[in-house]
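Worksheet: one structure, shown below.
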Number of protein chains: 2
Amino acid sequence: MSNKVKIDAITTQEQDFAQWYTDVCRKAELMDYSDVKGFIIYRPYGYAIWENIQKFLDQKFKEKGHENVYMPLVIPTSLFQKEKDHIEGFAPETLVATMGGSQKLEDPLIIRPTSEVLFCDHFAKIVSSHRDLPKLYNQWCSVVRWEKTTRPFLRGSEFLWQEGHTIHESEVEARGHALKMLKVYEDMGKDLLAIPFLTGTKTEKEKFAGAEQTFTIEALMPDGKALQSGTTHYFGQGFAKVFNIQFQDKNNTLQYVHQTSFGVSTRLIGAVIMAHGDDNGLNLPPKVAPIQIVIVPIQQNQPGVLNKAYELEKRLKALGYRIKVDASDKTPGWKFAEYEMKGIPLRLEIGPRDLKAGMISGALRHNHHKISFEDGALEKEVPVILENIHEAMYQKALTYLLNHTTEVHNMEELEDALNNKLGYAKMMWSGDQKDLDVIKDKYQASARALPFNQTLFAKNCLVSGKPAKYVVIVGRAY
Amino acid sequence: MSNKVKIDAITTQEQDFAQWYTDVCRKAELMDYSDVKGFIIYRPYGYAIWENIQKFLDQKFKEKGHENVYMPLVIPTSLFQKEKDHIEGFAPETLVATMGGSQKLEDPLIIRPTSEVLFCDHFAKIVSSHRDLPKLYNQWCSVVRWEKTTRPFLRGSEFLWQEGHTIHESEVEARGHALKMLKVYEDMGKDLLAIPFLTGTKTEKEKFAGAEQTFTIEALMPDGKALQSGTTHYFGQGFAKVFNIQFQDKNNTLQYVHQTSFGVSTRLIGAVIMAHGDDNGLNLPPKVAPIQIVIVPIQQNQPGVLNKAYELEKRLKALGYRIKVDASDKTPGWKFAEYEMKGIPLRLEIGPRDLKAGMISGALRHNHHKISFEDGALEKEVPVILENIHEAMYQKALTYLLNHTTEVHNMEELEDALNNKLGYAKMMWSGDQKDLDVIKDKYQASARALPFNQTLFAKNCLVSGKPAKYVVIVGRAY
């Protein structure tokens, strides 16, 4: 009897990028499907990536004064309907519980698709004075949005995320906070995932249901599609007025709070898979990799080989690295391919010849370069190697992003940027959504962001010829 | 306008223990109620206790080879019904979603009350050989059990927990694992929560739905009731046969796996509140306290006082402690009472006199003792003080447990142990559930555990006079 989940060859990216993606997800054992469509199983290797993202962000959030809370899984339908834009945005994709303890529920319960209304309801109860502000809360949880088309990590009926919810005394402070958290996300891309993001403001049409302003991080994938990877929102006082979140300010006047929210999800795992992966499989940046170094003993029955492998493991563990020694009876060739496929950034090999020479050899996953250094230099070399891998992966992704962002001045150039260059088109826009709708109809591309640098580079909207108001980045999206 | 959530006096334990408990939960800002009965809001101070429990256990689990996964929130009704005992145990208290994306669901989805069937379904797909075993998985999540009577942390329709699920080649290994994890829980009580547990095996009647054997940790609360605080289970091959979790053993024979599960929940927060709290409020053991040390400046406008407070904070933070400096304009008296109520283990005070003398003074929460030491001794004194607090709190709780566990030989002594001594009765039992039912009817007390030490101390069952088979610990329970 062979393995029930067989590791066949992975479809190449060129053959079928979507199939390549699914193959990698399954064969690297990141996830599996459950019996319910869109509800995936996060297997240990996939969940560990999420744990590393959580650890990174949780620390950043706390450094910036956030506290973790946990709100209920369910929202009474009556409460959910309080904010009109919000309910309109989410109602069509809710999962609703109607039976509890074998009884029909009077007020059916919506499984949270996001928790704004729960936070608002709570904020109204606990805030009364400017001394109570700001409240900087965050929640790690799963949310449910009933989706018709689902793909592992990218779009699911259930996904894991964090949702930050904050309330502030002033608009300036709240807007600043939404931007500050966008910066945290951007830094996470650069420092953890080795992914550069396009950042900017969402257009009116693309912003979050209930928000006054939405900021976004968008990753560009190798198939030319943008992956919206995180958003932060300034809500103004909209929710505050509906939920009556008021405080007495320093002059003893009653004011409504200014509110933000922000979130990233397990979609980031999808971003990492696509941004760095290749036809050999997964390719993980060292800081987010569940296993950073795999040690493969060569001719492991020869005296001293296995002992040395475990010694290296011990020395590297002492430096805090996540390591695996594979001393199974599989061949080195099988192991090399397996750990390539699993995207482990650094492979170290130790065989009788290395042992005799006092050397350690190995290979880097991201560029297949061979390496070799003296045994005694291990503690000095490995940190530098891993740091260099991270930097090289980030620079490669950044170059890709820059090379695939084209300033366009007419429809032909726009089409070329989207269809041939497989990337973003940077164009001048009137500010009228109708003009972007033309692009949507023709090319299935939408406004990804208004970049923060709004230096206009032409006088007229590319589509309508009306006076240009904005620089907008247009692209196809997941 | 005053605070909406007013900090009134806490009901005394003697007046009304249940009300005391609820007062502490609300006034120490551990939780708040939501609009749906039994679904509570974990506020930052309450959630931080859970985070400390998570951090402790997650590390222990990983040290013992467990990997974290995440299974879907929902279970199709058809899948849930596969294991008969299991569905019988949980069906009456399920929350069921029947609508998704505005459509009626053909196979209604049960919001997970526990995830055995999901793990089993997955295990069957990924295991085929003895080389795949053991699988040691754990999941952190929330679960829903529709409860009629709910109390913060102790019994909720939703609660947070971890559920470990493991499969093994042999019965010996699986049973050993269930016991090993019980030891992890026992150690958590001793080393983190300063709570000694009664440990042992559950009777047939009290074991988990679907388990062959259930082990338990039970904390004794000041009102004389036991709080079941965690359980580990040996499932045998019951689930494996229903879900067809088979593997080829070393002799190429197909075998069913042997399975375990184990879990603790946010109920542990309730255990901590009750085990240590007093009429002044919460009383937290240092290792689980969100804030371990509060620094209160006295006459903080006097030169140097605030600077010294922040210097102490910095020095203690460098040692890894969780600290708060309260430099607000509230009076020291208000602050003392507030942080007593919040159960912060150690309070340090620094005023002009201390400053001049080069001394630091303070007080311990758990016994109200005053302390004083030289500024330069801070880094030496604080770790010892906190360690001593933990040890003293544990010893006090242990003495309480021992003093309230009475060996009883007849119904009168049993009644006295339960009603007057407010604790456990240790008695001889025939092994016939009917005999325990008599006690249940008469005293509303049940078998908490068959202790591991089964040295019989009488020949006959206390109730029926039939030959005694077991030592059993009986008590009232939450």
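Residues in the structure tokens are named by chain (A, B, ... in the order shown) and by number from 1 within that chain; ligands are numbered from 1 in the order shown.
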message: I need the residues in stretch 120-270 of chain A that are strand (DSSP E or B) according to DSSP; give them as a VMD selection string.
response: chain A and resid 129 135 to 144 151 155 158 to 168 198 to 201 213 to 220 225 to 236 246 to 248 254 to 256 258 to 265
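Those residues that approach B:Pro222 to within 9 Å, counting only C-alpha atoms, are B:Phe17, B:Met274, B:Ala275, B:His276, B:Tyr400, B:Leu422, B:Gly423; same-chain residues fewer than 4 positions away are not listed.
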message: I need the chain B residues near chain A as a list in words; criterion: at most 6 Å, counting only C-alpha atoms.
response: Asn3, Phe39, Ile41, Tyr42, Arg43, Pro44, Tyr47, Glu67, Asn68, Val69, Tyr70, Met71, Pro72, Pro92, Glu93, Thr94, Leu95, Val96, Ala97, Thr98, Met99, Gly100, Gly101, Ser128 and Trp146 of chain B
message: Please list as a ChimeraX atom specification every residue within 9 Å of stretch 382-395 of chain B, counting only C-alpha atoms and excluding residues in the same chain fewer than 4 positions away.
response: /B:189-196,276,285-287,292,316,319,345-346,364-367,377-378,399-400
Residues from the last selection, N, CA and C atoms, saved as a compact mmCIF listing (two decimals), in the first residue's frame:
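The new file again-v5.txt reads:
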```txt
# COMPACT_ATOMS: atom_id res chain seq x y z
N GLY B 189 -0.87 23.43 36.56
CA GLY B 189 -1.49 23.87 37.80
C GLY B 189 -0.44 24.26 38.83
N LYS B 190 0.53 23.40 39.00
CA LYS B 190 1.55 23.63 40.02
C LYS B 190 2.46 24.80 39.65
N ASP B 191 2.92 24.84 38.41
CA ASP B 191 3.98 25.78 38.04
C ASP B 191 3.46 27.13 37.53
N LEU B 192 2.23 27.17 37.02
CA LEU B 192 1.73 28.41 36.42
C LEU B 192 0.58 29.01 37.22
N LEU B 193 -0.42 28.21 37.53
CA LEU B 193 -1.64 28.73 38.15
C LEU B 193 -1.61 28.67 39.67
N ALA B 194 -0.61 27.99 40.23
CA ALA B 194 -0.53 27.78 41.68
C ALA B 194 -1.78 27.08 42.20
N ILE B 195 -2.27 26.13 41.43
CA ILE B 195 -3.46 25.36 41.81
C ILE B 195 -3.12 23.87 41.81
N PRO B 196 -3.31 23.21 42.96
CA PRO B 196 -3.14 21.75 42.99
C PRO B 196 -4.43 21.11 42.53
N HIS B 276 -7.87 31.65 44.27
CA HIS B 276 -7.00 32.60 44.99
C HIS B 276 -7.69 33.88 45.44
N PRO B 285 -1.58 34.65 40.72
CA PRO B 285 -0.22 34.13 40.85
C PRO B 285 0.66 34.85 39.83
N PRO B 286 1.91 35.17 40.19
CA PRO B 286 2.76 36.02 39.33
C PRO B 286 2.93 35.52 37.91
N LYS B 287 3.03 34.19 37.71
CA LYS B 287 3.38 33.72 36.37
C LYS B 287 2.26 33.88 35.36
N GLN B 292 2.55 41.93 36.42
CA GLN B 292 3.11 41.26 37.60
C GLN B 292 3.47 42.25 38.70
N LEU B 316 13.18 46.63 35.56
CA LEU B 316 12.42 45.38 35.72
C LEU B 316 11.99 44.81 34.37
N LEU B 319 14.47 42.64 32.92
CA LEU B 319 14.47 41.27 33.44
C LEU B 319 13.31 40.44 32.88
N PRO B 345 0.25 40.93 41.71
CA PRO B 345 0.94 40.27 42.83
C PRO B 345 1.84 41.19 43.65
N LEU B 346 2.52 42.11 42.99
CA LEU B 346 3.51 42.91 43.72
C LEU B 346 3.31 44.39 43.42
N LEU B 364 2.75 43.01 49.16
CA LEU B 364 2.39 41.81 48.43
C LEU B 364 0.88 41.67 48.41
N ARG B 365 0.32 41.34 47.27
CA ARG B 365 -1.14 41.23 47.16
C ARG B 365 -1.70 40.08 47.98
N HIS B 366 -1.00 38.93 47.94
CA HIS B 366 -1.65 37.71 48.45
C HIS B 366 -1.76 37.67 49.97
N ASN B 367 -0.83 38.33 50.70
CA ASN B 367 -0.92 38.30 52.16
C ASN B 367 -0.82 39.69 52.78
N ALA B 377 19.26 46.61 45.32
CA ALA B 377 18.97 45.18 45.43
C ALA B 377 17.77 44.77 44.58
N LEU B 378 17.19 45.72 43.84
CA LEU B 378 15.97 45.47 43.07
C LEU B 378 16.04 44.20 42.23
N THR B 399 -2.77 23.11 50.93
CA THR B 399 -3.23 22.86 52.30
C THR B 399 -4.76 22.85 52.33
N TYR B 400 -5.35 23.79 51.62
CA TYR B 400 -6.81 23.85 51.54
C TYR B 400 -7.38 22.55 50.99
```
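Relative to atom CA of A:Lys62, atom CA of B:Thr22 is found at 28.6 Å.
Take atom CA of A:Cys461 and atom CA of A:Ile473: the distance between them is 12.9 Å.
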Residue list (helix (DSSP H, G or I), DSSP) for stretch 426-468 of chain B, as number ranges by chain: B: 433-443
Keeping N, CA and C atoms for every residue in the selection just given, could you write it to a file as a short mmCIF file (atom, residue, chain, number, x, y, z; two decimals), in the first residue's frame?
```cif
data_model
loop_
_atom_site.label_atom_id
_atom_site.label_comp_id
_atom_site.auth_asym_id
_atom_site.auth_seq_id
_atom_site.Cartn_x
_atom_site.Cartn_y
_atom_site.Cartn_z
N GLN B 433 -22.88 1.85 39.41
CA GLN B 433 -23.28 3.25 39.28
C GLN B 433 -24.50 3.57 40.14
N LYS B 434 -25.35 2.56 40.34
CA LYS B 434 -26.57 2.79 41.15
C LYS B 434 -26.23 3.32 42.53
N ASP B 435 -25.12 2.85 43.08
CA ASP B 435 -24.73 3.29 44.42
C ASP B 435 -24.36 4.78 44.41
N LEU B 436 -23.70 5.20 43.36
CA LEU B 436 -23.35 6.62 43.27
C LEU B 436 -24.60 7.47 42.99
N ASP B 437 -25.56 6.88 42.28
CA ASP B 437 -26.80 7.60 42.01
C ASP B 437 -27.53 7.96 43.31
N VAL B 438 -27.40 7.07 44.30
CA VAL B 438 -28.01 7.36 45.61
C VAL B 438 -27.43 8.64 46.19
N ILE B 439 -26.11 8.76 46.09
CA ILE B 439 -25.43 9.97 46.61
C ILE B 439 -25.84 11.19 45.82
N LYS B 440 -25.94 11.00 44.52
CA LYS B 440 -26.34 12.11 43.64
C LYS B 440 -27.73 12.62 44.04
N ASP B 441 -28.66 11.70 44.25
CA ASP B 441 -30.04 12.08 44.60
C ASP B 441 -30.08 12.79 45.95
N LYS B 442 -29.30 12.27 46.87
CA LYS B 442 -29.38 12.76 48.24
C LYS B 442 -28.60 14.06 48.44
N TYR B 443 -27.43 14.14 47.81
CA TYR B 443 -26.53 15.27 48.12
C TYR B 443 -26.10 16.08 46.90
#
```
Which neighbours of A:Gly362 fall inside 10 Å, counting only C-alpha atoms, when residues of the same chain fewer than 4 positions from it are skipped, and could you give them as a PDB file with C-alpha atoms, in the first residue's frame?
```pdb
ATOM      1  CA  VAL A 294      17.440  20.943   6.833  1.00  0.00           C
ATOM      2  CA  ILE A 295      20.484  18.808   7.517  1.00  0.00           C
ATOM      3  CA  VAL A 296      20.915  15.831   5.193  1.00  0.00           C
ATOM      4  CA  LEU A 346      19.021  26.292   3.446  1.00  0.00           C
ATOM      5  CA  ARG A 347      20.151  22.690   3.076  1.00  0.00           C
ATOM      6  CA  LEU A 348      23.306  21.514   4.805  1.00  0.00           C
ATOM      7  CA  GLU A 349      24.967  18.242   3.864  1.00  0.00           C
ATOM      8  CA  ILE A 350      27.442  16.287   5.893  1.00  0.00           C
ATOM      9  CA  HIS A 368      20.347  26.644  -6.134  1.00  0.00           C
ATOM     10  CA  HIS A 369      23.833  27.945  -5.399  1.00  0.00           C
ATOM     11  CA  LYS A 370      26.171  25.511  -3.698  1.00  0.00           C
ATOM     12  CA  ILE A 371      27.932  26.627  -0.562  1.00  0.00           C
ATOM     13  CA  SER A 372      30.761  25.295   1.547  1.00  0.00           C
ATOM     14  CA  PHE A 373      32.451  26.502   4.698  1.00  0.00           C
TER      15      PHE A 373
END
```
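If you count only C-alpha atoms and ignore residues fewer than 6 places along the chain from A:Asn244, what sits within 10 Å of it is Cys120, Asp121, Phe123, Ala124, Lys125, Gln237, Gly238, Gln255, Tyr256 and Val257 of chain A.
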Print the selection's residues with C-alpha atoms to a file, as a PDB file, in the first residue's frame.
```
ATOM      1  CA  CYS A 120     -18.777  49.107  18.455  1.00  0.00           C
ATOM      2  CA  ASP A 121     -21.433  47.701  20.772  1.00  0.00           C
ATOM      3  CA  PHE A 123     -16.940  50.370  22.937  1.00  0.00           C
ATOM      4  CA  ALA A 124     -20.213  52.208  23.590  1.00  0.00           C
ATOM      5  CA  LYS A 125     -20.448  50.479  26.964  1.00  0.00           C
ATOM      6  CA  GLN A 237     -17.645  58.750  13.068  1.00  0.00           C
ATOM      7  CA  GLY A 238     -20.073  56.662  11.021  1.00  0.00           C
ATOM      8  CA  GLN A 255     -18.105  63.935  21.193  1.00  0.00           C
ATOM      9  CA  TYR A 256     -18.269  60.878  18.979  1.00  0.00           C
ATOM     10  CA  VAL A 257     -15.094  58.819  18.688  1.00  0.00           C
TER      11      VAL A 257
END
```
message: Which residues are close to stretch 167-184 of chain A, i.e. within 6 Å by only C-alpha atoms, leaving aside same-chain residues fewer than 2 positions away? Reply as a ChimeraX atom specification.
response: /A:133-135,186-187,232-234,257-259
May I have the residues from that selection written out with N, CA and C atoms, as an mmCIF file, in the first residue's frame?
```cif
data_model
loop_
_atom_site.group_PDB
_atom_site.id
_atom_site.type_symbol
_atom_site.label_atom_id
_atom_site.label_comp_id
_atom_site.auth_asym_id
_atom_site.auth_seq_id
_atom_site.Cartn_x
_atom_site.Cartn_y
_atom_site.Cartn_z
ATOM 1 N N LEU A 133 -9.607 56.963 26.250
ATOM 2 C CA LEU A 133 -9.148 56.861 24.855
ATOM 3 C C LEU A 133 -7.640 57.057 24.743
ATOM 4 N N PRO A 134 -7.008 56.540 23.688
ATOM 5 C CA PRO A 134 -7.622 55.644 22.699
ATOM 6 C C PRO A 134 -7.792 54.237 23.264
ATOM 7 N N LYS A 135 -8.666 53.450 22.640
ATOM 8 C CA LYS A 135 -8.702 52.007 22.866
ATOM 9 C C LYS A 135 -8.108 51.369 21.619
ATOM 10 N N GLU A 186 3.367 46.976 5.727
ATOM 11 C CA GLU A 186 4.394 47.121 4.688
ATOM 12 C C GLU A 186 5.735 46.569 5.207
ATOM 13 N N ASP A 187 6.044 46.881 6.462
ATOM 14 C CA ASP A 187 7.281 46.378 7.067
ATOM 15 C C ASP A 187 7.266 44.855 7.177
ATOM 16 N N THR A 232 -6.253 48.732 5.830
ATOM 17 C CA THR A 232 -6.535 49.470 7.057
ATOM 18 C C THR A 232 -7.573 50.530 6.699
ATOM 19 N N HIS A 233 -8.456 50.810 7.654
ATOM 20 C CA HIS A 233 -9.584 51.690 7.353
ATOM 21 C C HIS A 233 -9.726 52.809 8.367
ATOM 22 N N TYR A 234 -10.056 53.988 7.846
ATOM 23 C CA TYR A 234 -10.532 55.063 8.714
ATOM 24 C C TYR A 234 -12.043 55.107 8.554
ATOM 25 N N VAL A 257 -16.470 59.266 18.945
ATOM 26 C CA VAL A 257 -15.094 58.819 18.688
ATOM 27 C C VAL A 257 -14.838 58.709 17.184
ATOM 28 N N HIS A 258 -13.558 58.713 16.840
ATOM 29 C CA HIS A 258 -13.124 58.436 15.468
ATOM 30 C C HIS A 258 -12.513 57.038 15.471
ATOM 31 N N GLN A 259 -12.838 56.267 14.449
ATOM 32 C CA GLN A 259 -12.593 54.825 14.526
ATOM 33 C C GLN A 259 -11.745 54.319 13.365
#
```
field: Surrounding residues of A:Ala357 excluding itself and chain neighbours under 4 positions, 12 Å, only C-alpha atoms, as a ChimeraX atom specification
entry: /A:350-353,361,372-376
task: Mind giving me the straight-line distance from atom CA of B:Asp249 to atom CA of A:Asp326 in Å, one decimal?
output: 21.5 Å
